[in-house]
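This is protein30.txt. It holds compact mmCIF, C-alpha atoms and all ligand atoms.
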```txt
# COMPACT_ATOMS: atom_id res chain seq x y z
CA MET K 1 0.00 0.00 0.00
CA LEU K 2 1.09 3.55 -0.68
CA LEU K 3 0.19 6.31 1.79
CA ILE K 4 0.26 9.76 0.21
CA GLY K 5 0.75 12.84 2.38
CA MET K 6 3.16 14.32 4.90
CA PHE K 7 3.13 13.20 8.53
CA ASP K 8 2.80 16.79 9.74
CA SER K 9 -0.87 16.45 8.74
CA PRO K 10 -2.84 15.05 11.71
CA PHE K 11 -5.07 13.19 9.24
CA VAL K 12 -2.18 11.51 7.44
CA ARG K 13 -0.41 10.86 10.72
CA ARG K 14 -3.34 9.07 12.35
CA VAL K 15 -3.45 6.71 9.37
CA ALA K 16 0.33 6.11 9.47
CA ILE K 17 0.30 5.45 13.24
CA THR K 18 -2.63 3.06 12.81
CA MET K 19 -0.82 1.13 10.07
CA LYS K 20 2.27 0.83 12.23
CA LEU K 21 0.29 -0.30 15.29
CA LEU K 22 -1.58 -2.85 13.18
CA GLU K 23 1.70 -3.96 11.55
CA LEU K 24 0.48 -3.22 8.03
CA PRO K 25 3.52 -2.37 5.88
CA PHE K 26 3.25 0.63 3.55
CA GLU K 27 5.31 2.87 1.33
CA HIS K 28 5.17 6.57 2.01
CA ALA K 29 4.83 9.32 -0.59
CA ASN K 30 5.98 12.34 1.42
CA TRP K 31 4.20 14.86 -0.82
CA SER K 32 3.21 18.37 0.16
CA VAL K 33 -0.29 19.71 -0.57
CA GLY K 34 1.47 22.89 -1.72
CA LYS K 35 4.30 22.02 -4.09
CA ASP K 36 3.07 18.50 -4.97
CA PHE K 37 -0.56 19.52 -5.57
CA ASP K 38 -0.63 18.31 -9.21
CA ARG K 39 1.00 15.01 -8.32
CA ILE K 40 -1.54 14.40 -5.53
CA ARG K 41 -4.42 15.24 -7.90
CA GLU K 42 -3.34 12.38 -10.17
CA PHE K 43 -4.41 10.07 -7.33
CA ASN K 44 -7.21 12.11 -5.73
CA PRO K 45 -9.38 14.58 -7.69
CA LEU K 46 -9.74 16.71 -4.54
CA GLY K 47 -5.98 17.09 -4.23
CA ARG K 48 -6.18 16.09 -0.58
CA VAL K 49 -4.21 13.88 1.76
CA PRO K 50 -4.28 11.27 3.13
CA THR K 51 -4.89 9.15 0.06
CA LEU K 52 -4.20 5.43 0.34
CA VAL K 53 -3.45 3.43 -2.80
CA LEU K 54 -4.11 -0.28 -2.35
CA GLY K 55 -2.05 -3.08 -3.92
CA GLY K 56 -4.45 -3.51 -6.85
CA GLY K 57 -4.52 0.23 -7.58
CA GLU K 58 -7.79 1.04 -5.77
CA LYS K 59 -7.62 4.46 -4.09
CA LEU K 60 -9.16 5.46 -0.77
CA PHE K 61 -9.83 9.09 0.25
CA GLU K 62 -10.60 10.61 3.68
CA SER K 63 -8.80 9.44 6.80
CA ALA K 64 -12.01 8.11 8.40
CA ALA K 65 -12.77 5.94 5.37
CA ILE K 66 -9.17 4.71 5.28
CA LEU K 67 -9.24 3.83 8.99
CA ASP K 68 -12.52 2.01 8.48
CA TYR K 69 -10.88 -0.07 5.76
CA LEU K 70 -7.84 -0.84 7.94
CA ASP K 71 -10.06 -2.03 10.79
CA GLU K 72 -11.94 -4.26 8.35
CA LEU K 73 -8.64 -5.61 7.03
CA VAL K 74 -7.34 -6.73 10.44
CA GLY K 75 -10.71 -8.00 11.70
CA PRO K 76 -12.80 -7.25 14.80
CA ALA K 77 -10.33 -8.62 17.40
CA ARG K 78 -7.60 -6.14 16.39
CA ALA K 79 -9.76 -3.28 15.10
CA LEU K 80 -9.00 0.04 16.77
CA LEU K 81 -12.63 1.20 17.00
CA PRO K 82 -15.24 -0.63 19.10
CA ALA K 83 -17.61 -2.46 16.74
CA SER K 84 -20.91 -1.12 18.11
CA GLY K 85 -22.84 0.31 21.03
CA PRO K 86 -22.14 3.19 23.46
CA GLU K 87 -18.35 2.77 23.29
CA ARG K 88 -18.36 3.13 19.53
CA ARG K 89 -20.62 6.19 19.70
CA GLN K 90 -18.45 7.79 22.38
CA ALA K 91 -15.28 7.11 20.38
CA LEU K 92 -16.83 8.60 17.24
CA ASN K 93 -17.92 11.69 19.18
CA LEU K 94 -14.43 12.23 20.61
CA MET K 95 -12.91 11.74 17.17
CA ALA K 96 -15.38 14.19 15.62
CA MET K 97 -14.33 16.82 18.17
CA ALA K 98 -10.63 16.11 17.59
CA THR K 99 -10.78 16.09 13.79
CA GLY K 100 -13.10 19.13 13.88
CA ALA K 101 -10.55 21.03 15.98
CA ALA K 102 -7.77 19.93 13.61
CA GLU K 103 -9.79 21.10 10.57
CA LYS K 104 -10.30 24.52 12.19
CA GLY K 105 -6.56 24.58 12.85
CA VAL K 106 -5.69 23.65 9.26
CA LEU K 107 -7.93 26.47 8.00
CA GLN K 108 -6.18 28.98 10.28
CA VAL K 109 -2.78 27.78 9.05
CA TYR K 110 -3.91 28.01 5.41
CA GLU K 111 -4.99 31.63 5.94
CA GLY K 112 -1.32 32.36 6.55
CA ALA K 113 0.06 29.98 3.90
CA PHE K 114 -2.25 30.57 0.93
CA ARG K 115 -3.97 33.95 1.45
CA PRO K 116 -2.23 37.32 1.16
CA GLU K 117 -2.26 39.36 4.35
CA SER K 118 -4.56 42.04 2.94
CA LYS K 119 -7.25 39.40 2.30
CA ARG K 120 -7.31 37.90 5.80
CA HIS K 121 -10.35 38.51 7.98
CA GLN K 122 -9.62 38.49 11.71
CA PRO K 123 -13.21 37.82 12.95
CA TRP K 124 -13.24 34.64 10.83
CA LEU K 125 -9.90 33.56 12.28
CA ASP K 126 -11.18 34.33 15.81
CA ARG K 127 -14.29 32.24 15.22
CA MET K 128 -12.19 29.26 14.12
CA ARG K 129 -9.90 29.60 17.14
CA THR K 130 -12.97 29.66 19.43
CA GLN K 131 -14.39 26.50 17.84
CA MET K 132 -11.03 24.74 17.96
CA SER K 133 -10.37 25.64 21.61
CA ALA K 134 -13.90 24.68 22.74
CA SER K 135 -13.54 21.25 21.14
CA LEU K 136 -10.14 20.65 22.72
CA ALA K 137 -11.50 21.82 26.08
CA ALA K 138 -14.38 19.31 25.86
CA ILE K 139 -11.95 16.44 25.18
CA ASP K 140 -9.69 17.69 27.98
CA ARG K 141 -12.62 17.76 30.44
CA TYR K 142 -13.65 14.26 29.40
CA ILE K 143 -10.13 12.94 30.08
CA GLY K 144 -9.94 14.79 33.41
CA GLU K 145 -13.25 13.26 34.57
CA ARG K 146 -12.28 9.79 33.40
CA GLY K 147 -8.78 9.90 34.89
CA VAL K 148 -5.57 10.89 33.09
CA SER K 149 -4.02 7.44 33.37
CA GLN K 150 -6.95 5.83 31.49
CA TRP K 151 -7.41 5.34 27.77
CA LEU K 152 -10.30 7.35 26.31
CA ILE K 153 -12.50 4.32 25.69
CA GLY K 154 -12.46 0.93 27.43
CA LYS K 155 -9.23 -0.55 28.73
CA ARG K 156 -6.91 -0.33 25.71
CA MET K 157 -5.75 2.28 23.25
CA THR K 158 -8.32 2.94 20.53
CA GLN K 159 -8.57 5.16 17.49
CA ALA K 160 -10.02 7.85 19.79
CA ASP K 161 -6.66 8.16 21.61
CA ILE K 162 -4.64 8.17 18.38
CA THR K 163 -6.84 10.81 16.77
CA ALA K 164 -7.03 13.06 19.84
CA VAL K 165 -3.24 13.02 20.23
CA CYS K 166 -2.53 13.62 16.52
CA ALA K 167 -4.89 16.62 16.56
CA PHE K 168 -3.46 18.02 19.81
CA THR K 169 0.19 17.67 18.76
CA PHE K 170 -0.53 19.27 15.37
CA LEU K 171 -2.37 22.19 16.97
CA ASN K 172 0.43 22.69 19.46
CA ASP K 173 3.08 22.63 16.73
CA THR K 174 1.23 25.06 14.48
CA LEU K 175 -0.85 27.29 16.76
CA ARG K 176 0.64 26.70 20.23
CA VAL K 177 -2.74 25.90 21.76
CA ALA K 178 -1.21 24.89 25.09
CA SER K 179 1.49 27.53 25.25
CA ASP K 180 0.58 28.76 28.73
CA ARG K 181 1.30 25.25 30.10
CA VAL K 182 -1.93 25.04 32.10
CA MET K 183 -4.39 24.73 29.24
CA PHE K 184 -5.49 21.25 28.19
CA GLN K 185 -3.41 19.63 30.93
CA SER K 186 -5.20 16.26 30.74
CA LEU K 187 -4.91 16.14 26.96
CA ALA K 188 -1.23 17.04 27.28
CA THR K 189 -0.72 14.13 29.71
CA LEU K 190 -2.34 11.67 27.29
CA ALA K 191 -0.29 13.13 24.42
CA ALA K 192 2.98 12.74 26.37
CA ARG K 193 2.17 9.08 27.05
CA CYS K 194 1.34 8.33 23.41
CA GLU K 195 4.10 10.42 21.83
CA ALA K 196 6.66 8.28 23.71
CA MET K 197 5.50 5.16 21.83
CA PRO K 198 7.50 4.02 18.74
CA ALA K 199 4.60 4.38 16.26
CA PHE K 200 4.16 8.00 17.31
CA GLN K 201 7.88 8.78 17.42
CA GLU K 202 8.47 7.33 13.96
CA THR K 203 5.82 9.66 12.50
CA ARG K 204 6.73 12.82 14.42
CA THR K 205 7.86 15.46 11.95
CA PRO K 206 8.16 19.23 12.20
CA PHE K 207 5.38 21.22 10.54
CA PHE K 208 6.10 22.07 6.91
CA VAL K 209 4.34 25.26 5.76
CA PRO K 210 2.66 24.46 2.41
CA ASN K 211 3.85 26.62 -0.49
CA SER K 212 7.00 27.54 1.41
N1 LIG Z 1 -11.47 15.30 6.28
C1 LIG Z 1 -10.19 15.04 5.64
C2 LIG Z 1 -9.26 16.21 5.93
C3 LIG Z 1 -7.94 16.04 5.22
C4 LIG Z 1 -7.21 17.37 5.10
O1 LIG Z 1 -7.71 18.44 5.47
N2 LIG Z 1 -5.99 17.28 4.57
C5 LIG Z 1 -5.23 18.47 4.31
C6 LIG Z 1 -3.82 18.33 4.84
S1 LIG Z 1 -3.82 18.42 6.61
C7 LIG Z 1 -5.19 18.68 2.80
O2 LIG Z 1 -5.13 17.74 2.04
N3 LIG Z 1 -5.21 19.95 2.37
C8 LIG Z 1 -5.14 20.34 1.00
C9 LIG Z 1 -6.44 20.89 0.53
O3 LIG Z 1 -7.51 20.57 1.11
O4 LIG Z 1 -6.42 21.64 -0.43
C10 LIG Z 1 -9.61 13.72 6.15
O5 LIG Z 1 -9.92 13.34 7.28
O6 LIG Z 1 -8.88 13.05 5.40
```
Can the structure from this file be put into structure tokens for me?
Ligand SMILES: N[C@@H](CCC(=O)N[C@@H](CS)C(=O)NCC(=O)O)C(=O)O
Amino acid sequence: MLLIGMFDSPFVRRVAITMKLLELPFEHANWSVGKDFDRIREFNPLGRVPTLVLGGGEKLFESAAILDYLDELVGPARALLPASGPERRQALNLMAMATGAAEKGVLQVYEGAFRPESKRHQPWLDRMRTQMSASLAAIDRYIGERGVSQWLIGKRMTQADITAVCAFTFLNDTLRVASDRVMFQSLATLAARCEAMPAFQETRTPFFVPNS
């Protein structure tokens, strides 16, 4: 399988970490959505990453759809999302908040990378920062209430943990969401625990500003 996209993207990174944890070998096309836009569009009409190219040439778009496929590939005993019921719904909710926060972060970063300064609109940026912070705060509260030494769902690491940590690390790298050291303390504790694991370390890359 070929995974297209740079690991500084939280969406690409959560797929790469998942493949490593599930021991699914892959090649990596380390292409930037800025300078490699045309090359990415040959595989994905939207020009977005992650895109996963399967052995037979089939292409998968959207990290959630790719993760769904990977869970199906390894079967229910090793799948990283609970199969059904309240645990699955809770995991999907947490992931929606984390990916939503990451999307608001990506849009703020793109304002700086793709839009000239004279065309930026501060109230729009402020709105995105509010949405992003509120989502992170909700995940942080959830972890605090559950206990910082616990996984987010059940008794083992799930896709909810991977996704929350990828989003949080990306938002810290790009927008310094926890720069005052007291914000999102529970999320930061979970992130520190996960980022020490090999699958996270092997995919930890500095943020690359698109079009730079
Ligand atoms: N919902 C998508 C979001 C993916 C996404 O936003 N990827 C960014 C990189 S972090 C991208 O491809 N940006 C280029 C663009 O949208 O033009 C997913 O989960 O795969």
> Given the choices K:Leu94, K:Arg13, K:Met1, K:Ser118, which gets closest to Glu58 in chain K if the distance is worked out from all atoms listed in the file?
Replying inline: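 Closest candidate: K:Met1.
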>> Please list as a ChimeraX atom specification every residue within 10 Å of Asn30 in chain K, counting only C-alpha atoms and excluding residues in the same chain fewer than 5 positions away.
In response: /K:3-8,36
Please work out which residues fall within 12 Å of (8.7, 5.7, 14.4), coordinates as given in the file, with all atoms listed in the file counting, and return them as an mmCIF file with C-alpha atoms, keeping the file's coordinate frame.
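Final output, saved to result-v4.cif:
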```cif
data_model
loop_
_atom_site.group_PDB
_atom_site.id
_atom_site.type_symbol
_atom_site.label_atom_id
_atom_site.label_comp_id
_atom_site.auth_asym_id
_atom_site.auth_seq_id
_atom_site.Cartn_x
_atom_site.Cartn_y
_atom_site.Cartn_z
ATOM 1 C CA PHE K 7 3.130 13.200 8.530
ATOM 2 C CA ARG K 13 -0.410 10.860 10.720
ATOM 3 C CA ALA K 16 0.330 6.110 9.470
ATOM 4 C CA ILE K 17 0.300 5.450 13.240
ATOM 5 C CA THR K 18 -2.630 3.060 12.810
ATOM 6 C CA MET K 19 -0.820 1.130 10.070
ATOM 7 C CA LYS K 20 2.270 0.830 12.230
ATOM 8 C CA LEU K 21 0.290 -0.300 15.290
ATOM 9 C CA CYS K 194 1.340 8.330 23.410
ATOM 10 C CA GLU K 195 4.100 10.420 21.830
ATOM 11 C CA ALA K 196 6.660 8.280 23.710
ATOM 12 C CA MET K 197 5.500 5.160 21.830
ATOM 13 C CA PRO K 198 7.500 4.020 18.740
ATOM 14 C CA ALA K 199 4.600 4.380 16.260
ATOM 15 C CA PHE K 200 4.160 8.000 17.310
ATOM 16 C CA GLN K 201 7.880 8.780 17.420
ATOM 17 C CA GLU K 202 8.470 7.330 13.960
ATOM 18 C CA THR K 203 5.820 9.660 12.500
ATOM 19 C CA ARG K 204 6.730 12.820 14.420
ATOM 20 C CA THR K 205 7.860 15.460 11.950
#
```
> Of the candidates K:Val12, K:Met97, K:Ala77, K:Ala113, which shows the shortest atom-to-atom distance to Ser63 in chain K, using all atoms listed in the file?
Replying inline: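 Checking each candidate against Ser63 in chain K, we get K:Val12 as the closest.
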> Distance CA of Glu87 in chain K-atom O6 of ligand LIG 1 (chain Z), one decimal place?
Replying inline: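 Here the two named atoms are 22.7 Å from each other.
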> What does the distance from CA of Ala188 in chain K to atom N2 of ligand LIG 1 (chain Z) come to in Å, to one decimal?
Replying inline: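 Taking CA of Ala188 in chain K as the start and atom N2 of ligand LIG 1 (chain Z) as the end point, the length is 23.2 Å.
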>> Show me which residues line ligand LIG 1 (chain Z), defined as having an atom within 8 Å of a ligand atom where all atoms listed in the file count, and present them as a list in words.
In response: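 Using all atoms listed in the file, everything at most 8 Å from ligand LIG 1 (chain Z) comes to Gly5, Asp8, Ser9, Pro10, Phe11, Val12, Val33, Gly34, Leu46, Gly47, Arg48, Val49, Pro50, Thr51, Phe61, Glu62, Ser63, Ala64, Thr99, Glu103 and Val106 of chain K.
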> Quick one: of K:Arg193, K:Thr158, K:Glu117, K:Leu136, who's nearest to Gln90 in chain K, counting all atoms listed in the file?
Replying inline: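 Among the listed residues, K:Thr158 lies closest to Gln90 in chain K.
Minimum atom-to-atom distance to Arg41 in chain K, evaluated using only C-alpha atoms, belongs to K:Lys59 out of K:Arg127, K:His28, K:Arg115, K:Lys59.
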>> Rounded to one decimal, what separation in Å do you get between CA of Lys104 in chain K and CA of Arg129 in chain K?
In response: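 Between these atoms lies a distance of 7.1 Å.
Shortest separation to Leu81 in chain K among K:Gly100, K:Gly147, K:Pro116, K:Gly154 occurs at residue K:Gly154, atoms counted being all atoms listed in the file.
Nearest to Val15 in chain K of all the residues K:Ile162, K:Leu152, K:Arg89, K:Glu145 is K:Ile162, based on only C-alpha atoms.
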